[in-house]
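Structure file my_file-v3.txt with compact mmCIF, C-alpha atoms and all ligand atoms:
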# COMPACT_ATOMS: atom_id res chain seq x y z
CA MET A 1 141.64 83.57 145.66
CA LYS A 2 142.14 87.29 146.19
CA LYS A 3 138.99 87.86 144.19
CA ILE A 4 137.01 85.50 146.37
CA ILE A 5 138.16 87.16 149.56
CA PHE A 6 137.36 90.52 148.10
CA SER A 7 133.83 89.55 147.17
CA LEU A 8 133.31 87.96 150.59
CA LEU A 9 134.35 91.22 152.19
CA LEU A 10 131.92 93.08 149.97
CA THR A 11 129.11 90.75 150.96
CA VAL A 12 129.80 91.16 154.65
CA GLY A 13 130.02 94.92 154.26
CA ALA A 14 126.77 95.09 152.36
CA MET A 15 124.91 93.01 154.94
CA SER A 16 124.82 96.01 157.23
CA THR A 17 122.35 97.64 154.84
CA ALA A 18 119.67 94.97 155.40
CA ILE A 19 116.30 96.50 156.17
CA ALA A 20 114.73 96.04 159.58
CA VAL A 21 111.27 97.56 159.12
CA GLU A 22 108.18 95.52 158.25
CA GLY A 23 106.76 95.86 154.71
CA ASP A 24 103.12 96.32 153.74
CA VAL A 25 101.81 94.81 150.49
CA GLU A 26 99.11 97.41 149.80
CA ALA A 27 101.43 100.32 150.51
CA GLY A 28 104.02 98.69 148.26
CA LYS A 29 101.53 98.33 145.45
CA ALA A 30 100.79 102.04 145.60
CA LYS A 31 104.50 102.84 145.42
CA ALA A 32 105.29 100.42 142.60
CA GLY A 33 103.84 102.62 139.86
CA MET A 34 107.17 103.95 138.70
CA CYS A 35 108.76 100.49 138.67
CA GLY A 36 106.28 99.13 136.13
CA ALA A 37 107.91 100.75 133.13
CA CYS A 38 110.83 98.39 133.46
CA HIS A 39 109.80 95.54 135.76
CA GLY A 40 106.16 95.18 134.70
CA ALA A 41 103.23 96.32 136.84
CA THR A 42 103.23 93.06 138.77
CA GLY A 43 106.94 92.36 138.64
CA VAL A 44 107.12 90.30 135.46
CA ASN A 45 108.52 91.61 132.21
CA PRO A 46 109.50 89.25 129.38
CA ASN A 47 112.18 91.70 128.28
CA PRO A 48 115.48 90.03 129.18
CA THR A 49 117.16 93.33 130.13
CA TYR A 50 115.16 93.60 133.34
CA PRO A 51 114.97 91.14 136.22
CA ASP A 52 111.57 89.78 137.24
CA LEU A 53 110.72 90.79 140.79
CA ALA A 54 107.52 88.78 141.26
CA GLY A 55 107.87 86.05 143.87
CA GLN A 56 111.39 87.18 144.81
CA HIS A 57 112.24 87.13 148.53
CA GLU A 58 110.98 90.23 150.27
CA ALA A 59 114.14 90.87 152.26
CA TYR A 60 116.32 90.40 149.20
CA ILE A 61 114.40 93.03 147.21
CA ALA A 62 114.58 95.52 150.07
CA LYS A 63 118.29 94.92 150.51
CA GLN A 64 119.02 95.43 146.81
CA LEU A 65 117.15 98.73 146.91
CA ALA A 66 119.17 99.83 149.93
CA ASP A 67 122.36 98.87 148.10
CA PHE A 68 121.39 100.79 144.96
CA LYS A 69 120.75 103.80 147.17
CA SER A 70 124.00 103.53 149.13
CA GLY A 71 126.02 102.82 146.01
CA ALA A 72 127.06 99.36 147.27
CA ARG A 73 125.42 98.08 144.09
CA THR A 74 125.69 100.27 141.03
CA ASP A 75 123.29 100.52 138.15
CA MET A 76 122.57 103.55 136.02
CA MET A 77 118.84 102.93 135.99
CA MET A 78 118.27 101.75 139.52
CA ALA A 79 120.37 104.40 141.27
CA PRO A 80 117.92 107.25 140.57
CA MET A 81 114.97 104.96 141.32
CA ALA A 82 116.30 104.04 144.75
CA ALA A 83 117.61 107.49 145.62
CA SER A 84 114.29 108.81 146.84
CA LEU A 85 113.09 105.68 148.64
CA SER A 86 112.90 105.51 152.44
CA GLU A 87 113.51 102.25 154.35
CA GLN A 88 109.76 101.89 154.72
CA ASP A 89 109.28 102.32 150.95
CA MET A 90 111.88 99.61 150.31
CA ALA A 91 110.22 97.20 152.72
CA ASP A 92 106.77 97.90 151.25
CA LEU A 93 108.01 97.38 147.68
CA GLY A 94 109.68 94.15 148.77
CA ALA A 95 106.45 92.94 150.33
CA PHE A 96 104.40 93.81 147.25
CA PHE A 97 106.63 92.18 144.66
CA ALA A 98 107.24 89.13 146.86
CA SER A 99 103.47 88.59 147.02
CA GLN A 100 103.08 88.47 143.23
CA LYS A 101 103.02 85.24 141.23
CA ARG A 102 106.20 84.31 139.42
CA ALA A 103 106.05 84.20 135.61
CA SER A 104 106.12 80.38 135.68
CA GLU A 105 103.09 80.26 138.01
CA ARG A 106 100.94 82.38 135.75
CA THR A 107 98.44 80.77 133.41
CA ALA A 108 97.41 82.26 130.11
CA SER A 109 94.15 83.52 131.59
CA VAL A 110 95.93 85.34 134.39
CA GLU A 111 97.97 87.17 131.82
CA ASP A 112 95.55 90.01 131.35
CA SER A 113 95.76 93.70 130.65
CA SER A 114 98.79 94.03 132.90
CA THR A 115 100.68 91.70 130.62
CA PRO A 116 103.34 93.46 128.67
CA THR A 117 102.97 94.00 125.00
CA ALA A 118 105.67 95.60 123.00
CA THR A 119 105.87 99.35 123.12
CA THR A 120 108.58 101.95 123.12
CA ALA A 121 111.24 103.23 125.52
CA SER A 122 114.82 102.43 124.89
CA THR A 123 118.24 102.38 126.42
CA GLY A 124 121.71 101.76 125.14
CA ASP A 125 121.58 100.83 121.53
CA VAL A 126 118.96 98.23 122.30
CA GLU A 127 115.29 98.93 121.96
CA ILE A 128 113.63 98.11 125.23
CA VAL A 129 110.13 96.87 125.61
CA THR A 130 108.10 98.34 128.44
CA SER A 131 105.21 96.60 130.07
CA THR A 132 102.61 98.95 128.71
CA SER A 133 99.73 97.65 126.71
CA ALA A 134 98.23 100.19 124.35
CA LYS A 135 95.02 99.93 126.33
CA ALA A 136 96.71 100.83 129.58
CA ILE A 137 98.26 103.93 128.07
CA TYR A 138 95.21 105.18 126.29
CA ALA A 139 92.53 105.26 128.92
CA GLY A 140 90.96 107.96 126.77
CA ASP A 141 89.16 108.10 123.47
CA VAL A 142 91.28 109.50 120.65
CA LYS A 143 88.36 110.68 118.50
CA ALA A 144 86.70 112.48 121.39
CA GLY A 145 90.04 113.99 122.32
CA GLN A 146 90.49 115.37 118.84
CA GLU A 147 87.16 117.20 119.07
CA LYS A 148 88.04 118.63 122.47
CA SER A 149 91.47 119.77 121.30
CA ALA A 150 90.07 122.59 119.13
CA MET A 151 90.53 125.09 121.95
CA CYS A 152 94.13 124.03 122.48
CA ALA A 153 95.23 124.37 118.85
CA SER A 154 96.02 128.08 118.86
CA CYS A 155 98.96 127.47 121.19
CA HIS A 156 99.82 123.78 120.87
CA GLY A 157 99.17 123.34 117.13
CA VAL A 158 96.38 121.30 115.52
CA ASP A 159 98.29 118.03 115.91
CA GLY A 160 100.15 118.99 119.09
CA ASN A 161 103.25 120.23 117.29
CA SER A 162 103.41 123.75 118.60
CA LEU A 163 105.36 126.08 116.36
CA ILE A 164 105.87 128.68 119.06
CA SER A 165 108.91 127.94 121.17
CA ILE A 166 107.47 128.94 124.55
CA TYR A 167 104.55 126.50 124.14
CA PRO A 168 105.31 122.81 124.56
CA LYS A 169 104.80 120.24 121.84
CA LEU A 170 102.32 117.61 123.03
CA ALA A 171 102.45 115.29 120.01
CA GLY A 172 103.74 111.83 120.88
CA GLN A 173 104.00 112.72 124.56
CA SER A 174 103.13 110.02 127.10
CA ALA A 175 99.37 109.96 127.72
CA ASN A 176 99.88 109.26 131.42
CA TYR A 177 102.12 112.28 131.64
CA ILE A 178 99.75 114.62 129.77
CA ALA A 179 96.75 113.55 131.85
CA LYS A 180 98.78 114.10 135.02
CA GLN A 181 99.85 117.59 133.93
CA LEU A 182 96.27 118.60 133.15
CA ALA A 183 95.10 117.32 136.53
CA ASP A 184 98.02 119.11 138.21
CA PHE A 185 97.17 122.42 136.52
CA LYS A 186 93.60 122.00 137.71
CA SER A 187 94.51 121.15 141.31
CA GLY A 188 97.11 123.92 141.45
CA GLU A 189 99.92 121.42 142.01
CA ARG A 190 101.48 122.86 138.83
CA LYS A 191 101.00 126.57 138.33
CA ASP A 192 100.62 128.44 135.08
CA PRO A 193 98.36 131.47 134.55
CA VAL A 194 97.41 130.42 131.01
CA MET A 195 96.88 126.70 131.52
CA VAL A 196 94.88 127.08 134.73
CA GLY A 197 92.11 128.73 132.72
CA MET A 198 92.25 126.08 130.02
CA VAL A 199 91.73 123.15 132.36
CA ALA A 200 89.16 124.67 134.71
CA ALA A 201 86.23 123.15 132.85
CA LEU A 202 87.83 119.81 131.96
CA SER A 203 86.57 116.59 133.54
CA GLU A 204 88.82 113.60 134.16
CA LYS A 205 87.40 112.00 131.02
CA ASP A 206 88.17 115.12 128.96
CA MET A 207 91.76 114.98 130.23
CA ASN A 208 92.14 111.30 129.34
CA ASP A 209 90.64 111.88 125.90
CA LEU A 210 92.93 114.83 125.18
CA ALA A 211 95.93 112.86 126.44
CA ALA A 212 95.04 109.93 124.18
CA TYR A 213 94.67 112.19 121.16
CA TYR A 214 98.02 113.92 121.58
CA ALA A 215 99.84 110.72 122.52
CA VAL A 216 99.07 109.12 119.16
CA GLN A 217 100.13 112.12 117.06
CA ALA A 218 103.54 111.97 115.44
CA SER A 219 105.92 114.56 116.84
CA THR A 220 107.99 116.62 114.46
CA ALA A 221 111.74 116.12 114.68
CA GLY A 222 113.90 118.50 116.62
CA ALA A 223 115.90 121.16 114.88
CA GLY A 224 118.84 123.37 115.67
CA GLU A 225 122.38 122.76 116.71
CA THR A 226 123.11 119.89 119.09
CA SER A 227 125.64 120.05 121.94
CA THR A 228 128.46 117.65 122.76
CA ALA A 229 128.56 118.79 126.38
CA GLY A 230 124.79 118.29 126.59
CA HIS A 231 125.10 114.80 125.11
CA LYS A 232 127.73 113.88 127.69
CA LEU A 233 125.69 115.11 130.62
CA TYR A 234 122.48 113.54 129.34
CA PHE A 235 124.06 110.09 129.09
CA GLY A 236 126.64 110.20 131.85
CA GLY A 237 125.35 112.64 134.44
CA ASP A 238 128.04 114.12 136.66
CA ALA A 239 129.20 111.92 139.52
CA GLN A 240 131.13 114.74 141.18
CA LYS A 241 128.16 117.07 141.34
CA GLY A 242 125.78 114.18 142.00
CA ILE A 243 123.75 114.73 138.82
CA THR A 244 121.83 111.63 137.74
CA ALA A 245 122.03 110.89 134.04
CA CYS A 246 118.86 111.99 132.29
CA VAL A 247 118.91 108.84 130.17
CA ALA A 248 117.86 106.73 133.17
CA CYS A 249 114.37 108.19 133.08
CA HIS A 250 113.99 110.02 129.80
CA GLY A 251 115.42 107.24 127.63
CA VAL A 252 118.18 106.97 125.07
CA LYS A 253 116.30 108.74 122.35
CA GLY A 254 114.62 111.18 124.70
CA LYS A 255 111.25 109.47 124.24
CA GLY A 256 110.63 109.10 127.96
CA MET A 257 108.95 106.09 129.57
CA ALA A 258 105.29 106.23 128.88
CA GLN A 259 103.89 104.06 131.64
CA ALA A 260 106.07 105.53 134.36
CA GLY A 261 104.91 108.99 133.26
CA PHE A 262 108.46 110.08 132.48
CA PRO A 263 107.98 112.65 129.72
CA ALA A 264 109.47 112.63 126.25
CA LEU A 265 111.88 115.51 125.72
CA ALA A 266 113.19 114.79 122.22
CA GLY A 267 112.60 117.65 119.83
CA GLN A 268 110.74 119.65 122.46
CA ASN A 269 110.79 123.42 121.99
CA ALA A 270 113.97 124.88 123.45
CA ASP A 271 112.50 127.89 125.25
CA TYR A 272 109.90 125.68 126.90
CA LEU A 273 112.53 123.16 128.07
CA LYS A 274 114.69 125.90 129.48
CA LYS A 275 111.82 127.41 131.43
CA GLN A 276 110.86 124.01 132.92
CA ILE A 277 114.35 123.20 134.15
CA ALA A 278 114.62 126.69 135.64
CA SER A 279 111.25 126.21 137.34
CA PHE A 280 112.26 122.86 138.86
CA ARG A 281 115.51 124.47 139.95
CA ASP A 282 113.91 127.40 141.78
CA GLY A 283 111.05 125.21 143.01
CA SER A 284 108.29 127.16 141.22
CA ARG A 285 107.40 123.87 139.51
CA GLY A 286 106.99 121.24 142.20
CA ASN A 287 104.63 118.63 140.77
CA ASP A 288 107.34 115.98 140.27
CA ARG A 289 106.81 112.95 142.50
CA ASN A 290 109.46 112.42 145.19
CA GLU A 291 111.12 115.65 144.00
CA MET A 292 112.70 113.59 141.26
CA MET A 293 113.38 116.52 138.95
CA ARG A 294 113.91 119.22 141.58
CA ASN A 295 116.72 117.21 143.18
CA ILE A 296 118.48 117.03 139.84
CA ALA A 297 117.77 120.51 138.52
CA ILE A 298 119.13 122.18 141.63
CA LYS A 299 122.58 120.80 140.84
CA LEU A 300 122.64 122.07 137.25
CA SER A 301 124.61 125.22 136.44
CA ASP A 302 123.37 127.70 133.83
CA SER A 303 125.84 126.35 131.30
CA ASP A 304 124.72 122.76 132.05
CA VAL A 305 121.14 123.82 131.35
CA ASP A 306 122.04 125.54 128.09
CA ALA A 307 123.96 122.49 126.88
CA LEU A 308 121.19 120.06 127.86
CA VAL A 309 118.46 122.15 126.26
CA LYS A 310 120.39 122.35 123.00
CA TYR A 311 120.96 118.62 123.03
CA MET A 312 117.37 117.64 123.87
CA SER A 313 115.65 120.08 121.53
CA ALA A 314 117.80 118.91 118.61
CA LEU A 315 117.11 115.22 119.28
CA LYS A 316 115.26 113.51 116.46
C1 LIG B 1 114.34 102.58 134.02
C2 LIG B 1 114.15 101.15 134.24
C3 LIG B 1 113.92 100.70 135.69
C4 LIG B 1 112.99 101.18 136.57
C5 LIG B 1 111.95 102.28 136.32
C6 LIG B 1 113.15 100.40 137.78
N1 LIG B 1 114.14 99.48 137.61
FE1 LIG B 1 114.76 98.08 139.01
N2 LIG B 1 116.18 97.39 137.71
C7 LIG B 1 116.41 97.90 136.46
C8 LIG B 1 117.56 97.21 135.89
C9 LIG B 1 118.17 97.47 134.52
C10 LIG B 1 118.02 96.29 136.88
C11 LIG B 1 119.22 95.35 136.78
C12 LIG B 1 120.39 96.06 137.40
C13 LIG B 1 121.69 95.31 137.28
O1 LIG B 1 121.98 94.85 136.18
O2 LIG B 1 122.40 95.25 138.29
C14 LIG B 1 117.12 96.44 138.01
C15 LIG B 1 117.24 95.71 139.18
C16 LIG B 1 116.36 95.78 140.24
C17 LIG B 1 116.42 94.98 141.44
C18 LIG B 1 117.42 93.87 141.73
C19 LIG B 1 116.84 92.57 141.27
C20 LIG B 1 117.76 91.37 141.50
O3 LIG B 1 117.31 90.26 141.23
O4 LIG B 1 118.90 91.55 141.95
C21 LIG B 1 115.39 95.35 142.24
C22 LIG B 1 115.04 94.78 143.61
C23 LIG B 1 114.69 96.41 141.56
N3 LIG B 1 115.30 96.66 140.35
C24 LIG B 1 113.58 97.06 142.07
C25 LIG B 1 112.96 98.16 141.47
C26 LIG B 1 111.90 98.92 142.08
C27 LIG B 1 111.26 98.60 143.42
C28 LIG B 1 111.58 99.93 141.22
C29 LIG B 1 110.57 101.06 141.42
C30 LIG B 1 110.77 101.87 142.61
C31 LIG B 1 112.45 99.79 140.05
N4 LIG B 1 113.27 98.72 140.25
C32 LIG B 1 112.41 100.61 138.92
C33 LIG B 1 115.65 98.86 135.80
C34 LIG B 1 114.65 99.62 136.36
C1 LIG B 2 96.90 130.45 125.18
C2 LIG B 2 97.84 129.39 124.93
C3 LIG B 2 97.48 127.98 125.40
C4 LIG B 2 96.31 127.28 125.15
C5 LIG B 2 95.09 127.73 124.36
C6 LIG B 2 96.50 125.96 125.76
N1 LIG B 2 97.73 125.89 126.34
FE1 LIG B 2 98.57 124.24 127.20
N2 LIG B 2 100.26 125.28 127.66
C7 LIG B 2 100.43 126.63 127.39
C8 LIG B 2 101.66 127.08 128.03
C9 LIG B 2 102.24 128.48 128.01
C10 LIG B 2 102.20 125.94 128.70
C11 LIG B 2 103.50 125.87 129.53
C12 LIG B 2 103.21 126.19 130.98
C13 LIG B 2 104.48 126.24 131.80
O1 LIG B 2 105.38 126.99 131.43
O2 LIG B 2 104.56 125.51 132.78
C14 LIG B 2 101.30 124.85 128.44
C15 LIG B 2 101.48 123.56 128.92
C16 LIG B 2 100.64 122.50 128.65
C17 LIG B 2 100.88 121.14 129.05
C18 LIG B 2 102.12 120.60 129.77
C19 LIG B 2 103.07 120.04 128.75
C20 LIG B 2 104.32 119.44 129.31
O3 LIG B 2 105.16 119.01 128.51
O4 LIG B 2 104.46 119.38 130.54
C21 LIG B 2 99.82 120.39 128.61
C22 LIG B 2 99.63 118.90 128.77
C23 LIG B 2 98.90 121.31 127.94
N3 LIG B 2 99.42 122.56 127.98
C24 LIG B 2 97.71 120.91 127.37
C25 LIG B 2 96.77 121.81 126.84
C26 LIG B 2 95.45 121.42 126.43
C27 LIG B 2 94.92 119.99 126.45
C28 LIG B 2 94.82 122.55 126.02
C29 LIG B 2 93.39 122.69 125.54
C30 LIG B 2 92.38 122.22 126.45
C31 LIG B 2 95.77 123.64 126.15
N4 LIG B 2 96.93 123.16 126.68
C32 LIG B 2 95.54 124.96 125.77
C33 LIG B 2 99.63 127.43 126.61
C34 LIG B 2 98.36 127.10 126.15
C1 LIG B 3 114.71 109.75 138.26
C2 LIG B 3 114.06 110.02 137.01
C3 LIG B 3 114.48 111.28 136.27
C4 LIG B 3 115.76 111.68 135.91
C5 LIG B 3 117.08 110.97 136.20
C6 LIG B 3 115.59 112.90 135.15
N1 LIG B 3 114.28 113.22 135.06
FE1 LIG B 3 113.49 114.83 134.09
N2 LIG B 3 111.61 114.31 134.70
C7 LIG B 3 111.30 113.20 135.46
C8 LIG B 3 109.88 113.20 135.75
C9 LIG B 3 109.15 112.15 136.56
C10 LIG B 3 109.34 114.36 135.14
C11 LIG B 3 107.86 114.81 135.13
C12 LIG B 3 107.43 115.34 136.47
C13 LIG B 3 105.94 115.60 136.48
O1 LIG B 3 105.17 114.67 136.75
O2 LIG B 3 105.53 116.71 136.16
C14 LIG B 3 110.45 115.03 134.47
C15 LIG B 3 110.33 116.20 133.74
C16 LIG B 3 111.37 116.82 133.06
C17 LIG B 3 111.22 117.99 132.23
C18 LIG B 3 109.92 118.73 131.92
C19 LIG B 3 109.27 118.10 130.70
C20 LIG B 3 108.02 118.79 130.27
O3 LIG B 3 107.47 118.40 129.22
O4 LIG B 3 107.56 119.71 130.94
C21 LIG B 3 112.47 118.29 131.76
C22 LIG B 3 112.82 119.42 130.83
C23 LIG B 3 113.39 117.30 132.29
N3 LIG B 3 112.70 116.42 133.08
C24 LIG B 3 114.76 117.28 132.04
C25 LIG B 3 115.66 116.39 132.63
C26 LIG B 3 117.10 116.47 132.46
C27 LIG B 3 117.82 117.50 131.62
C28 LIG B 3 117.64 115.45 133.20
C29 LIG B 3 119.12 115.11 133.41
C30 LIG B 3 119.99 116.19 133.90
C31 LIG B 3 116.53 114.74 133.81
N4 LIG B 3 115.36 115.34 133.44
C32 LIG B 3 116.67 113.62 134.63
C33 LIG B 3 112.19 112.22 135.88
C34 LIG B 3 113.57 112.28 135.73
What would the structure in this file look like if it were written as structure tokens?
Ligand code: HEC
Ligand code: HEC
Ligand code: HEC
Amino acid sequence: MKKIIFSLLLTVGAMSTAIAVEGDVEAGKAKAGMCGACHGATGVNPNPTYPDLAGQHEAYIAKQLADFKSGARTDMMMAPMAASLSEQDMADLGAFFASQKRASERTASVEDSSTPTATTASTGDVEIVTSTSAKAIYAGDVKAGQEKSAMCASCHGVDGNSLISIYPKLAGQSANYIAKQLADFKSGERKDPVMVGMVAALSEKDMNDLAAYYAVQASTAGAGETSTAGHKLYFGGDAQKGITACVACHGVKGKGMAQAGFPALAGQNADYLKKQIASFRDGSRGNDRNEMMRNIAIKLSDSDVDALVKYMSALK
């Protein structure tokens, strides 16, 4: 009985977080990109770890998002997702997913390229399937990318496994992520004196081709000493300092989430990783959507960074 009363109280308390603004389907669709990795691009993912959102009540979706943000509902993966959403974003996302057909309403022919096929990303000890078909990841042409990569090899290695610690490995990195970085270097959204010259002459097709080529290369395993403190922070975050666990977005094995454009970090060169976290922290790198990384990096101490870099670069 006590339990029932308690949960009733919780329900009443949580009702105050219901969203009052009106949602817009198109705006929601544009904002749903980062949800696709786990919930499927249109809100259906056959993986049993993730709830389907398609056809769910609009107001319910918005309320859950508000609760994940306020902490009234806790989930390691959803907390960082909801953290950066405004009330309008929540309403728009609710409207978009509510407008999608439920899994049971879909016929075989509707199940097209947006239909999930098994690919990577993982959490816990369970391998998790993301809703990314190979075709959706590799908008580019691998063969063409290989030809175009000749001018990149001196720094990034022939197969994207850079041997020089200040240059990032690109092998096995998410194609979406690589293409975005190249576009960001070109637009000036991400600044680097070396890379800006490299991308100046690249077309969008060149970027997609290069991204496809590197994404299908096997990355070499990390080396060096791991860190217990880094492991703890990576998986658990730090509730007191408000640091979101890295695992929520970068995955259990550090392989990232390809479709969401969350980069792989496992085995990445240590000096490169350290410079990137420092750049997010001081704001000199600001190409992360919704300030996702800047908000986290700013809370990391120097010793946190050292521990995390050791842990990530040693990940195999
Ligand atoms: C990294 C994986 C991941 C991503 C990315 C993600 N979610 Fe979730 N989501 C989850 C998991 C896991 C749950 C189940 C949480 C639980 O067990 O309480 C969930 C639950 C939800 C729920 C509650 C569903 C219900 O029936 O109660 C909503 C709504 C939701 N997510 C919306 C979103 C939206 C919108 C986005 C994008 C902004 C998003 N999620 C991105 C993993 C993810
Ligand atoms: C002269 C050395 C050099 C060459 C040649 C070079 N790069 Fe880079 N690249 C760098 C450096 C240095 C960085 C890291 C920039 C920073 O610190 O933000 C980088 C970063 C990148 C990143 C971002 C990686 C990440 O994990 O965010 C991508 C993608 C990339 N380069 C692709 C390419 C491609 C494709 C080419 C060929 C067209 C190329 N680079 C040629 C030095 C080089
Ligand atoms: C809410 C999701 C999220 C969380 C949680 C998160 N990250 Fe990230 N991280 C991102 C995204 C998105 C990017 C890429 C931004 C962009 O588009 O350039 C990124 C980029 C990075 C990069 C640069 C990778 C590269 O190749 O240049 C590093 C390093 C990194 N994160 C480390 C961490 C660490 C360490 C933690 C935990 C303390 C963490 N991240 C937590 C989303 C997240």
Pick from A:Arg285, A:Arg73, A:Lys29, A:Lys101: nearest to ligand LIG 2 (chain B), with all atoms listed in the file counted?
->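 Comparing A:Arg285, A:Arg73, A:Lys29, A:Lys101 against ligand LIG 2 (chain B), the winner is A:Arg285.
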Can you tell me which residues come within 6 Å of ligand LIG 3 (chain B) when counting all atoms listed in the file, ideally as a count of residues only?
-> 18
State, in Å with one decimal place, the distance from atom CA of Ser165 of chain A to atom CA of Asn269 of chain A.
-> 5.0 Å
Any idea what the distance is between atom CA of Ala218 of chain A and atom C12 of ligand LIG 2 (chain B)?
->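 Straight-line distance from atom CA of Ala218 of chain A to atom C12 of ligand LIG 2 (chain B) works out to 21.1 Å.
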Box for ligand LIG 1 (chain B): with edges along x, y and z, all listed atoms inside and 8 Å added on each side, what are the centre and edge lengths in Å to one decimal, as JSON?
{"center_x": 116.5, "center_y": 96.4, "center_z": 138.8, "size_x": 27.8, "size_y": 28.3, "size_z": 25.6}
Excluding same-chain residues fewer than 5 positions from Val194 of chain A, what lies within 12 Å of it counting only C-alpha atoms, as a list in words?
->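 Non-adjacent residues within range: Cys152, Cys155, Tyr167, Phe185, Lys186, Val199 and Ala200 of chain A.
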